[in-house]
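Shown next, in structure tokens, is the structure this report addresses.
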Amino acid sequence: MQRLKEIVEKFLSDPSVVVSAVYRVDGTPIVAGIKDRNYLRFLQFFEDQTKAVFRLILDGSLKSVELKTKDYTAIFYPLSRTLVLLVVSTSEASIYKLKIDVESIRAFLNV
């Protein structure tokens with residue numbers, strides 16, 4: 001649990017990241033961090049809507065999922081067979097750098 005908290009905090013230290021969370025495959029957040037209460041809507045949306053996305057990632061159909069809106073980008077990345085990392089950033093973020101950081105987390109967790 002401590003490593004998951006460290007992961008969430010690491011991403012939240014990036015000024016462009018507004019939400020960082022680790023979810024179970026059933027959509028339940030294990031550890032979540034937000035920069036402002038206004039971003040709670042992201043957590044609520046992902047809890048309710050992403051079970052299908054998680055299944056596709058975890059069954060191997062997708063490596064990761066990236067959702068883009070006008071103002072935000074959300075990246076879903078599997079950490080294990082039961083956990084998925086979510087990172088939501090503003091449009092100012094370097095998505096390439098963020099993807100590299102997300103992929104490096106698996107090495108940190110040793111999975």
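The chains in the structure tokens are called A, B, ... from first to last as shown; in each chain the residues are counted from 1, and the ligands are counted from 1 in the order shown.
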
Practice task
Extract, using only C-alpha atoms, all DNA, RNA and protein residues at most 12 Å from Ser64 (chain A), discarding same-chain residues fewer than 3 positions from it, and format them as a PyMOL selection string.
Solution key: chain A and resi 53-61+67+74-79+84-87+99+102-103

Handout entry: All strand (DSSP E) residues (DSSP, backbone) inside region 50-99 of chain A, as a PyMOL selection string
Key = chain A and resi 65-68+72-78+83-90

Handout entry: For Asp101 (chain A): contacts at 12 Å, only C-alpha atoms, fewer than 3 positions along chain excluded, given as a PyMOL selection string
Key = chain A and resi 7-8+10-11+14+75+77+85+87+94-98+104-108

Problem - Contact residues around Lys70 (chain A) with only C-alpha atoms at 12 Å, ignoring same-chain residues under 4 positions, as number ranges by chain - result: A: 74, 89-92

Problem - Interatomic distance (Å, one decimal) between CA of Lys5 (chain A) and CA of Lys63 (chain A) - result: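 That distance, rounded to one decimal, is 23.0 Å.
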
Handout entry: helix (DSSP H, G or I) call set, DSSP backbone run, chain A, as an MDAnalysis selection string
Key = chainID A and resid 2:12 37:49 51:58 95:109

Exercise for the section: Considering only C-alpha atoms, state which residue in the set A:Val25, A:Leu109, A:Glu66, A:Val18 is at the smallest distance from Arg41 (chain A). Expected result: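 Closest to Arg41 (chain A), using only C-alpha atoms: A:Val18.
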
Problem - Point-to-point distance in Å for CA of Leu40 (chain A) and CA of Arg24 (chain A) - result: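 Taking CA of Arg24 (chain A) and CA of Leu40 (chain A), their separation equals 17.8 Å.
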
Exercise for the section: List the neighbours of Phe42 (chain A) out to 12 Å using only C-alpha atoms; skip same-chain residues closer than 6 positions along the sequence, and give me the result as a ChimeraX atom specification. Expected result: /A:18-21,29,32-36,48-50,72-74,86-89

Taking N, CA, C and O atoms for each residue, export the selection above as an mmCIF file, in the first residue's frame.
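Saved to result15.cif:
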```
data_model
loop_
_atom_site.group_PDB
_atom_site.id
_atom_site.type_symbol
_atom_site.label_atom_id
_atom_site.label_comp_id
_atom_site.auth_asym_id
_atom_site.auth_seq_id
_atom_site.Cartn_x
_atom_site.Cartn_y
_atom_site.Cartn_z
ATOM 1 N N VAL A 18 -3.613 16.413 -12.526
ATOM 2 C CA VAL A 18 -4.665 16.861 -11.615
ATOM 3 C C VAL A 18 -5.262 15.716 -10.810
ATOM 4 O O VAL A 18 -5.824 15.923 -9.745
ATOM 5 N N VAL A 19 -5.159 14.484 -11.339
ATOM 6 C CA VAL A 19 -5.664 13.295 -10.649
ATOM 7 C C VAL A 19 -4.683 12.159 -10.872
ATOM 8 O O VAL A 19 -4.185 11.962 -11.974
ATOM 9 N N SER A 20 -4.410 11.429 -9.803
ATOM 10 C CA SER A 20 -3.614 10.206 -9.893
ATOM 11 C C SER A 20 -4.274 9.205 -8.961
ATOM 12 O O SER A 20 -4.574 9.524 -7.811
ATOM 13 N N ALA A 21 -4.528 7.998 -9.471
ATOM 14 C CA ALA A 21 -5.237 7.011 -8.662
ATOM 15 C C ALA A 21 -4.874 5.603 -9.103
ATOM 16 O O ALA A 21 -4.510 5.379 -10.249
ATOM 17 N N PRO A 29 -11.459 2.578 -6.140
ATOM 18 C CA PRO A 29 -10.153 3.210 -5.948
ATOM 19 C C PRO A 29 -9.466 2.659 -4.691
ATOM 20 O O PRO A 29 -10.085 2.540 -3.646
ATOM 21 N N ALA A 32 -6.039 7.308 -4.082
ATOM 22 C CA ALA A 32 -6.342 8.369 -5.040
ATOM 23 C C ALA A 32 -5.873 9.698 -4.493
ATOM 24 O O ALA A 32 -5.887 9.932 -3.285
ATOM 25 N N GLY A 33 -5.462 10.536 -5.404
ATOM 26 C CA GLY A 33 -5.066 11.884 -5.033
ATOM 27 C C GLY A 33 -5.551 12.860 -6.079
ATOM 28 O O GLY A 33 -5.546 12.567 -7.272
ATOM 29 N N ILE A 34 -6.014 14.013 -5.630
ATOM 30 C CA ILE A 34 -6.474 15.055 -6.536
ATOM 31 C C ILE A 34 -5.873 16.380 -6.098
ATOM 32 O O ILE A 34 -5.574 16.575 -4.926
ATOM 33 N N LYS A 35 -5.715 17.284 -7.046
ATOM 34 C CA LYS A 35 -5.140 18.592 -6.726
ATOM 35 C C LYS A 35 -6.184 19.563 -6.191
ATOM 36 O O LYS A 35 -5.850 20.489 -5.489
ATOM 37 N N ASP A 36 -7.443 19.340 -6.530
ATOM 38 C CA ASP A 36 -8.487 20.274 -6.137
ATOM 39 C C ASP A 36 -9.810 19.526 -6.105
ATOM 40 O O ASP A 36 -10.005 18.585 -6.871
ATOM 41 N N ASP A 48 -17.431 4.756 -12.003
ATOM 42 C CA ASP A 48 -18.688 4.272 -12.573
ATOM 43 C C ASP A 48 -18.560 3.703 -13.986
ATOM 44 O O ASP A 48 -19.333 2.839 -14.371
ATOM 45 N N GLN A 49 -17.619 4.187 -14.768
ATOM 46 C CA GLN A 49 -17.619 3.902 -16.201
ATOM 47 C C GLN A 49 -16.490 3.024 -16.722
ATOM 48 O O GLN A 49 -16.510 2.667 -17.883
ATOM 49 N N THR A 50 -15.519 2.671 -15.922
ATOM 50 C CA THR A 50 -14.318 2.097 -16.517
ATOM 51 C C THR A 50 -14.122 0.603 -16.317
ATOM 52 O O THR A 50 -13.099 0.074 -16.711
ATOM 53 N N TYR A 72 -8.185 17.884 -21.053
ATOM 54 C CA TYR A 72 -7.524 16.875 -20.233
ATOM 55 C C TYR A 72 -7.196 15.619 -21.025
ATOM 56 O O TYR A 72 -7.839 15.320 -22.030
ATOM 57 N N THR A 73 -6.207 14.897 -20.527
ATOM 58 C CA THR A 73 -5.869 13.576 -21.049
ATOM 59 C C THR A 73 -5.836 12.616 -19.869
ATOM 60 O O THR A 73 -5.245 12.921 -18.834
ATOM 61 N N ALA A 74 -6.481 11.472 -20.038
ATOM 62 C CA ALA A 74 -6.470 10.430 -19.002
ATOM 63 C C ALA A 74 -5.753 9.214 -19.569
ATOM 64 O O ALA A 74 -6.038 8.779 -20.684
ATOM 65 N N LEU A 86 -4.432 5.284 -13.010
ATOM 66 C CA LEU A 86 -5.068 6.350 -13.769
ATOM 67 C C LEU A 86 -4.306 7.638 -13.499
ATOM 68 O O LEU A 86 -4.038 7.974 -12.346
ATOM 69 N N VAL A 87 -3.956 8.340 -14.569
ATOM 70 C CA VAL A 87 -3.325 9.655 -14.452
ATOM 71 C C VAL A 87 -4.090 10.598 -15.369
ATOM 72 O O VAL A 87 -4.229 10.325 -16.560
ATOM 73 N N VAL A 88 -4.616 11.678 -14.798
ATOM 74 C CA VAL A 88 -5.329 12.693 -15.578
ATOM 75 C C VAL A 88 -4.496 13.961 -15.540
ATOM 76 O O VAL A 88 -4.130 14.435 -14.461
ATOM 77 N N SER A 89 -4.192 14.484 -16.722
ATOM 78 C CA SER A 89 -3.369 15.691 -16.803
ATOM 79 C C SER A 89 -4.058 16.746 -17.653
ATOM 80 O O SER A 89 -4.949 16.446 -18.441
#
```

Exercise for the section: Pick out the closest residue to Leu4 (chain A) from this set: A:Lys68, A:Tyr39, A:Ile30, A:Ile100. Count only C-alpha atoms. Expected result: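 The answer is A:Ile30, which sits nearest to Leu4 (chain A).
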
Completion exercise
Taken to one decimal, the CA of Met1 (chain A)-CA of Leu62 (chain A) distance is 25.7 Å

Practice task
Name the closest residue to Thr82 (chain A) among the candidates A:Thr69, A:Asn38, A:Gln44, A:Thr28; distances are taken between atoms, counting only C-alpha atoms.
Solution key: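 The shortest atom-to-atom distance to Thr82 (chain A) comes from A:Thr28.
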